[in-house]
file run.pdb (PDB, C-alpha atoms and all ligand atoms)
MODEL        1
ATOM      1  CA  MET A 216      24.347   2.412  -9.780
ATOM      2  CA  ASN A 217      24.590   6.208 -10.111
ATOM      3  CA  ILE A 218      21.297   7.634  -8.899
ATOM      4  CA  GLU A 219      20.037  11.204  -8.670
ATOM      5  CA  ILE A 220      17.427  12.194  -6.125
ATOM      6  CA  VAL A 221      15.633  15.460  -6.771
ATOM      7  CA  GLY A 222      14.312  16.889  -3.498
ATOM      8  CA  ALA A 223      16.255  16.165  -0.315
ATOM      9  CA  GLY A 224      13.492  16.634   2.241
ATOM     10  CA  VAL A 225      11.865  14.018   4.460
ATOM     11  CA  VAL A 226      11.362  11.490   1.655
ATOM     12  CA  GLY A 227      14.363  12.200  -0.576
ATOM     13  CA  SER A 228      16.796  12.350   2.288
ATOM     14  CA  ALA A 229      15.671   9.107   3.980
ATOM     15  CA  PHE A 230      15.264   7.230   0.710
ATOM     16  CA  GLY A 231      18.651   8.387  -0.595
ATOM     17  CA  ARG A 232      20.409   7.291   2.577
ATOM     18  CA  ALA A 233      18.813   3.863   2.258
ATOM     19  CA  LEU A 234      20.093   3.648  -1.338
ATOM     20  CA  LEU A 235      23.567   4.670  -0.192
ATOM     21  CA  ALA A 236      23.472   1.928   2.435
ATOM     22  CA  GLY A 237      22.589  -0.470  -0.388
ATOM     23  CA  GLY A 238      25.844   0.418  -2.142
ATOM     24  CA  HIS A 239      24.553   2.905  -4.723
ATOM     25  CA  ALA A 240      26.157   6.247  -5.591
ATOM     26  CA  VAL A 241      23.622   8.955  -4.788
ATOM     27  CA  GLN A 242      23.656  12.629  -5.743
ATOM     28  CA  TRP A 243      20.972  14.868  -4.321
ATOM     29  CA  ILE A 244      19.566  17.947  -6.019
ATOM     30  CA  ASP A 245      17.686  20.444  -3.870
ATOM     31  CA  SER A 246      16.545  23.997  -4.481
ATOM     32  CA  HIS A 247      17.149  24.981  -0.852
ATOM     33  CA  PRO A 248      20.788  26.118  -0.421
ATOM     34  CA  GLY A 249      20.747  25.217   3.289
ATOM     35  CA  ARG A 250      19.768  21.621   2.513
ATOM     36  CA  VAL A 251      22.528  21.300  -0.072
ATOM     37  CA  GLN A 252      25.088  22.776   2.298
ATOM     38  CA  ASP A 253      23.956  20.498   5.101
ATOM     39  CA  LEU A 254      24.291  17.409   2.910
ATOM     40  CA  ARG A 255      27.731  18.457   1.718
ATOM     41  CA  GLU A 256      28.908  19.152   5.270
ATOM     42  CA  ASN A 257      27.874  15.617   6.137
ATOM     43  CA  GLY A 258      29.998  14.200   3.344
ATOM     44  CA  PHE A 259      27.230  13.593   0.785
ATOM     45  CA  THR A 260      27.100  14.665  -2.859
ATOM     46  CA  ALA A 261      24.558  17.420  -3.393
ATOM     47  CA  ALA A 262      23.918  20.336  -5.739
ATOM     48  CA  LEU A 263      21.445  23.099  -6.475
ATOM     49  CA  PRO A 264      19.216  22.585  -9.546
ATOM     50  CA  ASP A 265      21.179  25.083 -11.658
ATOM     51  CA  GLU A 266      24.585  23.630 -10.795
ATOM     52  CA  PRO A 267      26.190  21.173 -13.199
ATOM     53  CA  ALA A 268      25.407  17.500 -12.569
ATOM     54  CA  ASP A 269      26.339  14.324 -14.382
ATOM     55  CA  PRO A 270      23.582  12.535 -16.323
ATOM     56  CA  CYS A 271      22.412   9.347 -14.590
ATOM     57  CA  PRO A 272      20.577   6.173 -15.582
ATOM     58  CA  LEU A 273      18.085   6.629 -12.721
ATOM     59  CA  TYR A 274      16.256   9.669 -11.331
ATOM     60  CA  PHE A 275      13.947   9.685  -8.323
ATOM     61  CA  ILE A 276      11.826  12.814  -7.959
ATOM     62  CA  CYS A 277      10.828  13.521  -4.346
ATOM     63  CA  VAL A 278       9.760  17.187  -4.435
ATOM     64  CA  PRO A 279       6.706  18.575  -2.588
ATOM     65  CA  THR A 280       3.227  18.388  -4.116
ATOM     66  CA  PRO A 281       1.227  20.603  -1.733
ATOM     67  CA  THR A 282      -2.519  21.054  -1.894
ATOM     68  CA  ILE A 283      -3.899  24.552  -2.360
ATOM     69  CA  GLY A 284      -7.602  24.610  -1.696
ATOM     70  CA  ARG A 285      -8.498  21.316  -3.284
ATOM     71  CA  ASP A 286      -5.950  21.519  -6.095
ATOM     72  CA  GLN A 287      -2.551  19.899  -6.257
ATOM     73  CA  ASP A 288       0.237  22.424  -6.785
ATOM     74  CA  ARG A 289       2.606  20.893  -9.350
ATOM     75  CA  THR A 290       5.013  23.851  -9.533
ATOM     76  CA  ALA A 291       7.947  22.085  -7.854
ATOM     77  CA  LEU A 292       7.265  18.879  -9.772
ATOM     78  CA  GLY A 293       7.182  20.777 -13.081
ATOM     79  CA  LYS A 294      10.558  22.380 -12.361
ATOM     80  CA  ALA A 295      12.066  19.062 -11.286
ATOM     81  CA  LEU A 296      10.817  17.310 -14.430
ATOM     82  CA  ALA A 297      12.126  20.093 -16.677
ATOM     83  CA  ARG A 298      15.566  19.802 -15.122
ATOM     84  CA  VAL A 299      15.657  16.000 -15.329
ATOM     85  CA  ALA A 300      14.481  16.208 -18.968
ATOM     86  CA  MET A 301      17.577  18.240 -19.850
ATOM     87  CA  LEU A 302      19.815  15.525 -18.389
ATOM     88  CA  LEU A 303      18.229  12.506 -20.085
ATOM     89  CA  ARG A 304      20.724  10.634 -22.264
ATOM     90  CA  PRO A 305      19.169   7.790 -24.292
ATOM     91  CA  GLU A 306      22.525   5.966 -24.367
ATOM     92  CA  LEU A 307      22.201   5.500 -20.584
ATOM     93  CA  SER A 308      18.687   3.946 -20.964
ATOM     94  CA  PRO A 309      17.457   6.330 -18.282
ATOM     95  CA  THR A 310      14.475   5.715 -16.022
ATOM     96  CA  VAL A 311      12.572   8.621 -14.436
ATOM     97  CA  VAL A 312      10.727   7.747 -11.248
ATOM     98  CA  ILE A 313       8.281  10.034  -9.479
ATOM     99  CA  ARG A 314       8.023   9.300  -5.754
ATOM    100  CA  SER A 315       6.059  12.450  -4.853
ATOM    101  CA  THR A 316       2.364  11.884  -4.236
ATOM    102  CA  ILE A 317       0.477  12.744  -7.437
ATOM    103  CA  LEU A 318      -3.178  12.550  -8.385
ATOM    104  CA  PRO A 319      -4.425   9.727 -10.639
ATOM    105  CA  GLY A 320      -3.694  10.509 -14.281
ATOM    106  CA  THR A 321      -0.893  12.998 -13.551
ATOM    107  CA  SER A 322       1.896  10.785 -14.907
ATOM    108  CA  ARG A 323       0.349  10.006 -18.262
ATOM    109  CA  GLN A 324      -1.529  13.247 -18.864
ATOM    110  CA  TRP A 325       0.983  15.747 -17.525
ATOM    111  CA  ALA A 326       4.387  14.439 -16.408
ATOM    112  CA  LEU A 327       5.166  12.350 -19.509
ATOM    113  CA  PRO A 328       4.153  15.065 -22.018
ATOM    114  CA  SER A 329       6.235  17.521 -20.006
ATOM    115  CA  LEU A 330       9.315  15.239 -20.064
ATOM    116  CA  GLU A 331       8.918  14.676 -23.809
ATOM    117  CA  ARG A 332       8.418  18.384 -24.540
ATOM    118  CA  GLU A 333      11.398  19.519 -22.460
ATOM    119  CA  SER A 334      13.783  16.769 -23.624
ATOM    120  CA  GLY A 335      12.736  16.321 -27.248
ATOM    121  CA  LEU A 336      12.832  12.563 -26.507
ATOM    122  CA  ARG A 337      10.110   9.926 -26.727
ATOM    123  CA  ARG A 338       8.802   7.859 -23.822
ATOM    124  CA  SER A 339       9.631   4.141 -24.068
ATOM    125  CA  ASP A 340      11.946   4.668 -27.057
ATOM    126  CA  HIS A 341      14.406   6.935 -25.220
ATOM    127  CA  PHE A 342      13.517   6.801 -21.546
ATOM    128  CA  ARG A 343      11.428   4.730 -19.168
ATOM    129  CA  PHE A 344       8.984   6.065 -16.638
ATOM    130  CA  VAL A 345       7.749   4.702 -13.323
ATOM    131  CA  TYR A 346       5.503   6.064 -10.595
ATOM    132  CA  CYS A 347       6.600   4.637  -7.259
ATOM    133  CA  PRO A 348       4.621   6.045  -4.308
ATOM    134  CA  GLU A 349       6.456   6.460  -1.033
ATOM    135  CA  PHE A 350       4.785   4.954   2.039
ATOM    136  CA  LEU A 351       7.202   5.992   4.776
ATOM    137  CA  ARG A 352       5.930   7.663   7.929
ATOM    138  CA  GLU A 353       7.431  11.086   8.583
ATOM    139  CA  ARG A 354       8.242  10.335  12.220
ATOM    140  CA  HIS A 355       9.917   7.044  11.295
ATOM    141  CA  ALA A 356      11.353   8.120   7.950
ATOM    142  CA  ALA A 357      14.828   6.600   8.305
ATOM    143  CA  GLU A 358      13.544   3.337   9.761
ATOM    144  CA  ASP A 359      10.796   2.964   7.128
ATOM    145  CA  ALA A 360      13.095   3.858   4.238
ATOM    146  CA  SER A 361      15.598   1.227   5.268
ATOM    147  CA  ALA A 362      12.969  -1.446   5.972
ATOM    148  CA  PRO A 363       9.902  -0.714   3.800
ATOM    149  CA  ARG A 364       6.878  -2.993   4.116
ATOM    150  CA  ILE A 365       6.089  -3.065   0.391
ATOM    151  CA  HIS A 366       6.974  -1.382  -2.906
ATOM    152  CA  LEU A 367       4.461  -0.454  -5.571
ATOM    153  CA  LEU A 368       5.637   0.271  -9.098
ATOM    154  CA  GLY A 369       3.305   1.943 -11.556
ATOM    155  CA  GLU A 370       4.642   1.182 -15.010
ATOM    156  CA  LEU A 371       4.051   3.052 -18.236
ATOM    157  CA  GLU A 372       4.321  -0.345 -19.925
ATOM    158  CA  PRO A 373       5.114  -3.760 -18.459
ATOM    159  CA  GLY A 374       8.866  -4.041 -18.003
ATOM    160  CA  GLN A 375       9.580  -0.315 -17.613
ATOM    161  CA  GLY A 376      10.115  -0.787 -13.898
ATOM    162  CA  ASP A 377      12.743  -3.542 -14.232
ATOM    163  CA  VAL A 378      15.655  -1.392 -13.066
ATOM    164  CA  VAL A 379      13.644   0.052 -10.186
ATOM    165  CA  ALA A 380      12.430  -3.405  -9.151
ATOM    166  CA  GLN A 381      16.016  -4.588  -9.136
ATOM    167  CA  ILE A 382      17.168  -1.640  -7.009
ATOM    168  CA  LEU A 383      14.264  -1.758  -4.523
ATOM    169  CA  GLY A 384      13.686  -5.492  -4.505
ATOM    170  CA  GLY A 385      16.838  -6.521  -2.661
ATOM    171  CA  GLY A 386      15.176  -6.646   0.764
ATOM    172  CA  GLU A 387      12.256  -8.567   2.192
ATOM    173  CA  ALA A 388       9.532  -6.188   1.012
ATOM    174  CA  PRO A 389       7.491  -7.480  -1.925
ATOM    175  CA  VAL A 390       7.546  -5.491  -5.170
ATOM    176  CA  VAL A 391       4.095  -5.181  -6.768
ATOM    177  CA  ARG A 392       3.834  -3.953 -10.364
ATOM    178  CA  VAL A 393       0.687  -2.321 -11.761
ATOM    179  CA  PRO A 394      -0.263   0.234 -14.459
ATOM    180  CA  LEU A 395       0.626   3.873 -13.721
ATOM    181  CA  GLU A 396      -2.867   4.996 -12.775
ATOM    182  CA  ALA A 397      -3.357   2.100 -10.344
ATOM    183  CA  ALA A 398      -0.226   3.105  -8.433
ATOM    184  CA  GLU A 399      -1.326   6.750  -8.342
ATOM    185  CA  LEU A 400      -4.799   5.819  -7.100
ATOM    186  CA  GLN A 401      -3.504   3.315  -4.527
ATOM    187  CA  LYS A 402      -1.529   6.044  -2.739
ATOM    188  CA  TYR A 403      -4.762   8.017  -2.229
ATOM    189  CA  ILE A 404      -6.657   4.896  -1.127
ATOM    190  CA  HIS A 405      -3.867   4.367   1.413
ATOM    191  CA  ASN A 406      -3.861   7.927   2.778
ATOM    192  CA  SER A 407      -7.644   8.356   2.673
ATOM    193  CA  PHE A 408      -8.181   5.127   4.600
ATOM    194  CA  ASN A 409      -5.732   6.202   7.283
ATOM    195  CA  ALA A 410      -7.463   9.589   7.543
ATOM    196  CA  LEU A 411     -10.873   7.912   7.698
ATOM    197  CA  LYS A 412      -9.825   5.614  10.519
ATOM    198  CA  ILE A 413      -8.360   8.452  12.576
ATOM    199  CA  SER A 414     -11.465  10.606  12.040
ATOM    200  CA  PHE A 415     -13.815   7.770  12.971
ATOM    201  CA  PHE A 416     -12.108   7.142  16.295
ATOM    202  CA  ASN A 417     -11.924  10.890  16.957
ATOM    203  CA  GLU A 418     -15.692  11.077  16.458
ATOM    204  CA  MET A 419     -16.241   8.136  18.789
ATOM    205  CA  ARG A 420     -13.927   9.757  21.351
ATOM    206  CA  CYS A 421     -16.087  12.905  21.240
ATOM    207  CA  VAL A 422     -19.239  10.841  21.764
ATOM    208  CA  ALA A 423     -17.668   9.039  24.739
ATOM    209  CA  GLU A 424     -16.461  12.311  26.248
ATOM    210  CA  ARG A 425     -19.900  13.863  25.907
ATOM    211  CA  MET A 426     -21.183  10.849  27.886
ATOM    212  CA  ASP A 427     -18.598  11.482  30.637
ATOM    213  CA  LEU A 428     -16.718   8.325  29.624
ATOM    214  CA  LYS A 429     -13.394  10.011  28.885
ATOM    215  CA  ALA A 430     -11.565   7.783  31.354
ATOM    216  CA  GLU A 431     -12.866   4.699  29.554
ATOM    217  CA  VAL A 432     -11.952   5.701  25.997
ATOM    218  CA  GLU A 433      -8.640   3.883  25.855
ATOM    219  CA  THR A 434     -10.188   0.700  27.268
ATOM    220  CA  MET A 435     -13.116   0.825  24.811
ATOM    221  CA  PHE A 436     -10.755   1.386  21.874
ATOM    222  CA  SER A 437      -8.369  -1.302  23.019
ATOM    223  CA  VAL A 438     -11.221  -3.811  23.333
ATOM    224  CA  THR A 439     -12.360  -2.759  19.850
ATOM    225  CA  ARG A 440      -8.866  -3.581  18.551
ATOM    226  CA  GLN A 441      -9.545  -7.161  19.688
ATOM    227  CA  SER A 442     -13.300  -7.460  19.131
ATOM    228  CA  ALA A 443     -13.894  -5.907  15.701
ATOM    229  CA  GLU A 444     -12.893  -8.035  12.737
ATOM    230  CA  GLY A 445     -12.222  -4.812  10.854
ATOM    231  CA  MET A 446      -9.363  -4.247  13.303
ATOM    232  CA  TRP A 447      -7.798  -7.698  13.564
ATOM    233  CA  ASN A 448      -8.332  -8.919  10.008
ATOM    234  CA  PRO A 449      -6.506  -6.652   7.538
ATOM    235  CA  ALA A 450      -8.508  -8.001   4.593
ATOM    236  CA  TYR A 451     -11.869  -7.203   6.254
ATOM    237  CA  GLY A 452     -14.010  -4.929   4.114
ATOM    238  CA  THR A 453     -11.620  -4.961   1.167
ATOM    239  CA  ARG A 454     -13.246  -7.800  -0.776
ATOM    240  CA  ASP A 455     -16.035  -6.985  -3.223
ATOM    241  CA  TRP A 456     -18.887  -8.470  -1.203
ATOM    242  CA  GLY A 457     -21.423  -5.774  -2.020
ATOM    243  CA  PRO A 458     -22.870  -3.050   0.189
ATOM    244  CA  VAL A 459     -22.848  -3.090   4.001
ATOM    245  CA  SER A 460     -25.275  -5.869   4.874
ATOM    246  CA  GLY A 461     -25.955  -8.721   7.294
ATOM    247  CA  PRO A 462     -28.158  -8.983  10.370
ATOM    248  CA  CYS A 463     -26.231  -6.454  12.494
ATOM    249  CA  LEU A 464     -24.340  -3.716  10.675
ATOM    250  CA  PRO A 465     -27.129  -1.775   8.866
ATOM    251  CA  LYS A 466     -29.640  -1.996  11.720
ATOM    252  CA  ASP A 467     -27.133  -1.071  14.420
ATOM    253  CA  VAL A 468     -25.617   1.837  12.532
ATOM    254  CA  GLU A 469     -29.112   3.266  11.879
ATOM    255  CA  ALA A 470     -30.180   2.791  15.519
ATOM    256  CA  PHE A 471     -26.927   4.337  16.782
ATOM    257  CA  LEU A 472     -27.408   7.343  14.481
ATOM    258  CA  GLY A 473     -30.990   7.782  15.683
ATOM    259  CA  TRP A 474     -29.857   7.580  19.305
ATOM    260  CA  MET A 475     -27.042  10.084  18.709
ATOM    261  CA  ARG A 476     -29.454  12.537  17.119
ATOM    262  CA  SER A 477     -31.825  12.184  20.094
ATOM    263  CA  CYS A 478     -28.883  12.967  22.414
ATOM    264  CA  ASP A 479     -27.776  15.891  20.240
ATOM    265  CA  LEU A 480     -24.540  14.054  19.394
ATOM    266  CA  ALA A 481     -23.026  14.045  15.924
ATOM    267  CA  SER A 482     -20.998  11.650  13.818
ATOM    268  CA  PRO A 483     -20.682  13.069  10.298
ATOM    269  CA  LEU A 484     -18.744  10.003   9.181
ATOM    270  CA  LEU A 485     -21.443   7.586  10.294
ATOM    271  CA  GLU A 486     -24.069   9.839   8.719
ATOM    272  CA  SER A 487     -22.211   9.619   5.404
ATOM    273  CA  LEU A 488     -21.900   5.855   5.806
ATOM    274  CA  SER A 489     -25.642   5.643   6.270
ATOM    275  CA  ALA A 490     -26.178   7.658   3.099
ATOM    276  CA  SER A 491     -23.711   5.556   1.094
ATOM    277  CA  SER A 492     -24.514   2.111   2.482
ATOM    278  CA  GLY A 493     -26.309   1.126  -0.715
ATOM    279  CA  ASN A 494     -23.319   2.107  -2.851
ATOM    280  CA  ARG A 495     -20.479  -0.106  -3.875
TER
HETATM  281  N1  LIG A 501       6.676  13.469   4.502
HETATM  282  C1  LIG A 501       6.142  12.268   4.412
HETATM  283  O1  LIG A 501       5.974  11.551   5.434
HETATM  284  C2  LIG A 501       5.750  11.701   3.083
HETATM  285  C3  LIG A 501       5.427  10.344   2.999
HETATM  286  C4  LIG A 501       5.080   9.817   1.765
HETATM  287  C5  LIG A 501       5.021  10.635   0.650
HETATM  288  N2  LIG A 501       5.329  11.964   0.772
HETATM  289  C6  LIG A 501       5.260  12.767  -0.454
HETATM  290  O2  LIG A 501       6.607  12.910  -0.948
HETATM  291  C7  LIG A 501       6.788  14.197  -1.546
HETATM  292  C8  LIG A 501       7.926  14.926  -0.842
HETATM  293  O3  LIG A 501       7.534  15.125   0.503
HETATM  294  P1  LIG A 501       8.589  15.546   1.634
HETATM  295  O4  LIG A 501       7.859  15.373   2.918
HETATM  296  O5  LIG A 501       9.885  14.872   1.442
HETATM  297  O6  LIG A 501       8.739  17.102   1.321
HETATM  298  P2  LIG A 501       9.801  18.091   1.992
HETATM  299  O7  LIG A 501       9.161  19.424   1.967
HETATM  300  O8  LIG A 501      10.302  17.540   3.280
HETATM  301  O9  LIG A 501      11.025  18.054   0.987
HETATM  302  C9  LIG A 501      10.949  18.466  -0.333
HETATM  303  C10 LIG A 501      12.327  18.970  -0.754
HETATM  304  O10 LIG A 501      12.268  19.288  -2.134
HETATM  305  C11 LIG A 501      12.996  20.499  -2.343
HETATM  306  N3  LIG A 501      12.523  21.071  -3.593
HETATM  307  C12 LIG A 501      11.382  21.759  -3.853
HETATM  308  N4  LIG A 501      11.300  22.060  -5.156
HETATM  309  C13 LIG A 501      12.416  21.547  -5.739
HETATM  310  C14 LIG A 501      12.913  21.533  -7.065
HETATM  311  N5  LIG A 501      12.226  22.072  -8.084
HETATM  312  N6  LIG A 501      14.105  20.949  -7.308
HETATM  313  C15 LIG A 501      14.800  20.377  -6.302
HETATM  314  N7  LIG A 501      14.377  20.373  -5.019
HETATM  315  C16 LIG A 501      13.209  20.944  -4.758
HETATM  316  C17 LIG A 501      12.715  21.310  -1.106
HETATM  317  O11 LIG A 501      13.717  22.316  -0.909
HETATM  318  C18 LIG A 501      12.758  20.236  -0.021
HETATM  319  O12 LIG A 501      14.046  20.049   0.496
HETATM  320  C19 LIG A 501       5.425  14.884  -1.453
HETATM  321  O13 LIG A 501       4.716  14.630  -2.631
HETATM  322  C20 LIG A 501       4.764  14.183  -0.283
HETATM  323  O14 LIG A 501       3.351  14.248  -0.374
HETATM  324  C21 LIG A 501       5.699  12.512   1.952
ENDMDL
END
call {"tool": "encode", "arguments": {"input": "run.pdb", "output": "structure tokens"}}
result
Amino acid sequence: MNIEIVGAGVVGSAFGRALLAGGHAVQWIDSHPGRVQDLRENGFTAALPDEPADPCPLYFICVPTPTIGRDQDRTALGKALARVAMLLRPELSPTVVIRSTILPGTSRQWALPSLERESGLRRSDHFRFVYCPEFLRERHAAEDASAPRIHLLGELEPGQGDVVAQILGGGEAPVVRVPLEAAELQKYIHNSFNALKISFFNEMRCVAERMDLKAEVETMFSVTRQSAEGMWNPAYGTRDWGPVSGPCLPKDVEAFLGWMRSCDLASPLLESLSASSGNR
């Protein structure tokens, strides 16, 4: 299938190469002349946004969505959508897919109205829309793009992701289909959990170092990888079993916090857990 990828950075480049390996014809669009030149010198098809490009049945948007303060900057995404909108041809039954990380609600409240306004076309009647978060790791981008663990398709309506499911579903990774907002939210659950886990172990490392146990940190963490169900059972904590409870967790977290305070040690994450332990 002819596919256009808008944004040829870490995500767009790795993802596009994986599509090429799957036998698709990929053209990249990037606003950075050096990126375009680099792709062309390596034998790929690439163009700047204002250069002519053939309309396609499938567009993947992989442009940056940086955070400024605590706001998402949608400037690049807005430009990419406006350009794709101009290329939409209903006779090709086009599908627009955003792969950039976007906040919950962005697709329905902002991206779709923008596509409709710029193209003069109507969602569902003239084009389909999918939000498909990218889960690759930057340091393993090529490897992850060619062997993803899972695909998540957020669909505007059931069935809108059929073409994308067909393209992505050829490998072993399962394809899960959900409403748009669920896919947008899941990407933030994913990233926030990873950040939380890293921060927790960083806090524990600080506590250990303050106790002159630096040399033992790796051993303590490696034992924890085996001893804590939250480490060896991926489903642990994800079921709706109510607030933190049981004979050990609440009492031990509170005692640990009290002990840390008495030693002038801090764990802001555990403090927040204590405050939120009644919440679900
Ligand atoms: N880097 C990662 O590991 C990773 C993983 C998952 C998701 N993501 C998300 O994917 C998105 C892209 O991230 P990235 O790391 O590939 O960014 P990147 O900065 O590596 O690449 C973005 C590319 O888009 C180009 N670009 C910017 N505006 C454009 C426009 N209007 N038209 C065409 N090209 C344009 C830039 O020149 C650049 O080459 C972001 O939303 C990011 O949060 C990134």
call {"tool": "closest_residue", "arguments": {"input": "run.pdb", "among": "A:Leu484, A:Leu371, A:Ala360, A:Val390", "to": "A:Asn417", "atoms": "all atoms listed in the file"}}
result
A:Leu484
call {"tool": "residues_around", "arguments": {"input": "run.pdb", "residues": "A:Ser489", "least_positions_apart": "2", "cutoff": "12 Å", "atoms": "only C-alpha atoms", "output": "JSON, numbers by chain"}}
result
{"A": [458, 459, 460, 464, 465, 466, 467, 468, 469, 470, 471, 472, 473, 482, 483, 484, 485, 486, 487, 491, 492, 493, 494]}
call {"tool": "residues_near_ligand", "arguments": {"input": "run.pdb", "ligand": "ligand LIG 501 (chain A)", "cutoff": "6 Å", "atoms": "all atoms listed in the file", "output": "list in words"}}
result
Val221, Gly222, Ala223, Gly224, Val225, Val226, Gly227, Ile244, Asp245, Ser246, His247, Pro264, Cys277, Val278, Pro279, Thr280, Ala291, Lys294, Ala295, Ser315, Thr316, Glu349, Phe350, Leu351, Arg352 and Glu353 of chain A
call {"tool": "atom_distance", "arguments": {"input": "run.pdb", "atom1": "atom CA of A:Pro305", "atom2": "atom CA of A:Gly385"}}
result
26.0 Å
call {"tool": "closest_residue", "arguments": {"input": "run.pdb", "among": "A:Asp269, A:Leu368, A:Gly452, A:Asp286", "to": "A:Lys402", "atoms": "only C-alpha atoms"}}
result
A:Leu368
call {"tool": "resolve_selection", "arguments": {"input": "run.pdb", "expression": "the PyMOL selection byres (((chain A and resi 232) around 12) and not hetatm)", "output": "VMD selection string"}}
result
chain A and resid 218 to 220 223 to 231 233 to 243 254 257 to 260 356 to 362
call {"tool": "write_last_selection", "arguments": {"input": "run.pdb", "atoms": "C-alpha atoms", "output": "tab-separated table (two decimals), in the coordinates of the input"}}
result
chain	number	residue	atom	x	y	z
A	218	ILE	CA	21.30	7.63	-8.90
A	219	GLU	CA	20.04	11.20	-8.67
A	220	ILE	CA	17.43	12.19	-6.12
A	223	ALA	CA	16.26	16.16	-0.32
A	224	GLY	CA	13.49	16.63	2.24
A	225	VAL	CA	11.86	14.02	4.46
A	226	VAL	CA	11.36	11.49	1.66
A	227	GLY	CA	14.36	12.20	-0.58
A	228	SER	CA	16.80	12.35	2.29
A	229	ALA	CA	15.67	9.11	3.98
A	230	PHE	CA	15.26	7.23	0.71
A	231	GLY	CA	18.65	8.39	-0.60
A	233	ALA	CA	18.81	3.86	2.26
A	234	LEU	CA	20.09	3.65	-1.34
A	235	LEU	CA	23.57	4.67	-0.19
A	236	ALA	CA	23.47	1.93	2.44
A	237	GLY	CA	22.59	-0.47	-0.39
A	238	GLY	CA	25.84	0.42	-2.14
A	239	HIS	CA	24.55	2.90	-4.72
A	240	ALA	CA	26.16	6.25	-5.59
A	241	VAL	CA	23.62	8.96	-4.79
A	242	GLN	CA	23.66	12.63	-5.74
A	243	TRP	CA	20.97	14.87	-4.32
A	254	LEU	CA	24.29	17.41	2.91
A	257	ASN	CA	27.87	15.62	6.14
A	258	GLY	CA	30.00	14.20	3.34
A	259	PHE	CA	27.23	13.59	0.78
A	260	THR	CA	27.10	14.66	-2.86
A	356	ALA	CA	11.35	8.12	7.95
A	357	ALA	CA	14.83	6.60	8.30
A	358	GLU	CA	13.54	3.34	9.76
A	359	ASP	CA	10.80	2.96	7.13
A	360	ALA	CA	13.10	3.86	4.24
A	361	SER	CA	15.60	1.23	5.27
A	362	ALA	CA	12.97	-1.45	5.97
call {"tool": "resolve_selection", "arguments": {"input": "run.pdb", "expression": "the PyMOL selection byres (((chain A and resi 389) around 12) and not hetatm)", "output": "list in words"}}
result
Ala362, Pro363, Arg364, Ile365, His366, Leu367, Leu368, Ala380, Gln381, Leu383, Gly384, Gly385, Gly386, Glu387, Ala388, Val390, Val391 and Arg392 of chain A
call {"tool": "atom_distance", "arguments": {"input": "run.pdb", "atom1": "atom CA of A:Glu333", "atom2": "atom CA of A:Ala397"}}
result
25.8 Å
call {"tool": "axis_aligned_box", "arguments": {"input": "run.pdb", "around": "stretch 312-320 of chain A", "padding_each_side": "4 Å", "output": "AutoDock Vina command-line options"}}
result
--center_x 3.2 --center_y 10.2 --center_z -9.3 --size_x 23.2 --size_y 13.0 --size_z 18.0
call {"tool": "closest_residue", "arguments": {"input": "run.pdb", "among": "A:Arg255, A:Arg314, A:Arg425, A:Arg343", "to": "A:Asp479", "atoms": "all atoms listed in the file"}}
result
A:Arg425
call {"tool": "residues_around", "arguments": {"input": "run.pdb", "residues": "A:Ser308", "least_positions_apart": "6", "cutoff": "8 Å", "atoms": "all atoms listed in the file", "output": "PyMOL selection string"}}
result
chain A and resi 272+341-343
call {"tool": "atom_distance", "arguments": {"input": "run.pdb", "atom1": "atom CA of A:Gly369", "atom2": "atom CA of A:Ser329"}}
result
18.0 Å
call {"tool": "residues_around", "arguments": {"input": "run.pdb", "residues": "A:Phe344", "least_positions_apart": "6", "cutoff": "12 Å", "atoms": "only C-alpha atoms", "output": "MDAnalysis selection string"}}
result
chainID A and resid 272:276 296 300 303 308:314 322:323 326:328 330:331 337:338 368:379 394:395
call {"tool": "closest_residue", "arguments": {"input": "run.pdb", "among": "A:Asn217, A:Thr434, A:Asn448, A:Ser334", "to": "A:Ala297", "atoms": "all atoms listed in the file"}}
result
A:Ser334
call {"tool": "decode", "arguments": {"input": "run.pdb", "residues": "stretch 311-333 of chain A", "atoms": "C-alpha atoms", "output": "PDB file, in the first residue's frame"}}
result
ATOM      1  CA  VAL A 311      -5.491   9.474   8.886  1.00  0.00           C
ATOM      2  CA  VAL A 312      -3.565   8.012  11.799  1.00  0.00           C
ATOM      3  CA  ILE A 313      -1.937  10.050  14.545  1.00  0.00           C
ATOM      4  CA  ARG A 314       1.001   8.248  16.159  1.00  0.00           C
ATOM      5  CA  SER A 315       2.323  11.269  18.086  1.00  0.00           C
ATOM      6  CA  THR A 316       1.526  11.252  21.790  1.00  0.00           C
ATOM      7  CA  ILE A 317      -1.565  13.414  22.353  1.00  0.00           C
ATOM      8  CA  LEU A 318      -3.594  14.225  25.438  1.00  0.00           C
ATOM      9  CA  PRO A 319      -6.980  12.543  26.001  1.00  0.00           C
ATOM     10  CA  GLY A 320      -9.681  14.273  23.972  1.00  0.00           C
ATOM     11  CA  THR A 321      -7.281  15.828  21.444  1.00  0.00           C
ATOM     12  CA  SER A 322      -8.412  13.664  18.520  1.00  0.00           C
ATOM     13  CA  ARG A 323     -12.124  14.285  18.827  1.00  0.00           C
ATOM     14  CA  GLN A 324     -12.067  17.846  20.135  1.00  0.00           C
ATOM     15  CA  TRP A 325      -9.214  19.275  18.091  1.00  0.00           C
ATOM     16  CA  ALA A 326      -7.654  17.061  15.406  1.00  0.00           C
ATOM     17  CA  LEU A 327     -10.897  15.942  13.727  1.00  0.00           C
ATOM     18  CA  PRO A 328     -12.443  19.447  13.590  1.00  0.00           C
ATOM     19  CA  SER A 329      -9.146  20.705  12.188  1.00  0.00           C
ATOM     20  CA  LEU A 330      -9.070  18.016   9.458  1.00  0.00           C
ATOM     21  CA  GLU A 331     -12.693  18.742   8.540  1.00  0.00           C
ATOM     22  CA  ARG A 332     -12.157  22.515   8.484  1.00  0.00           C
ATOM     23  CA  GLU A 333      -8.999  22.353   6.362  1.00  0.00           C
TER      24      GLU A 333
END
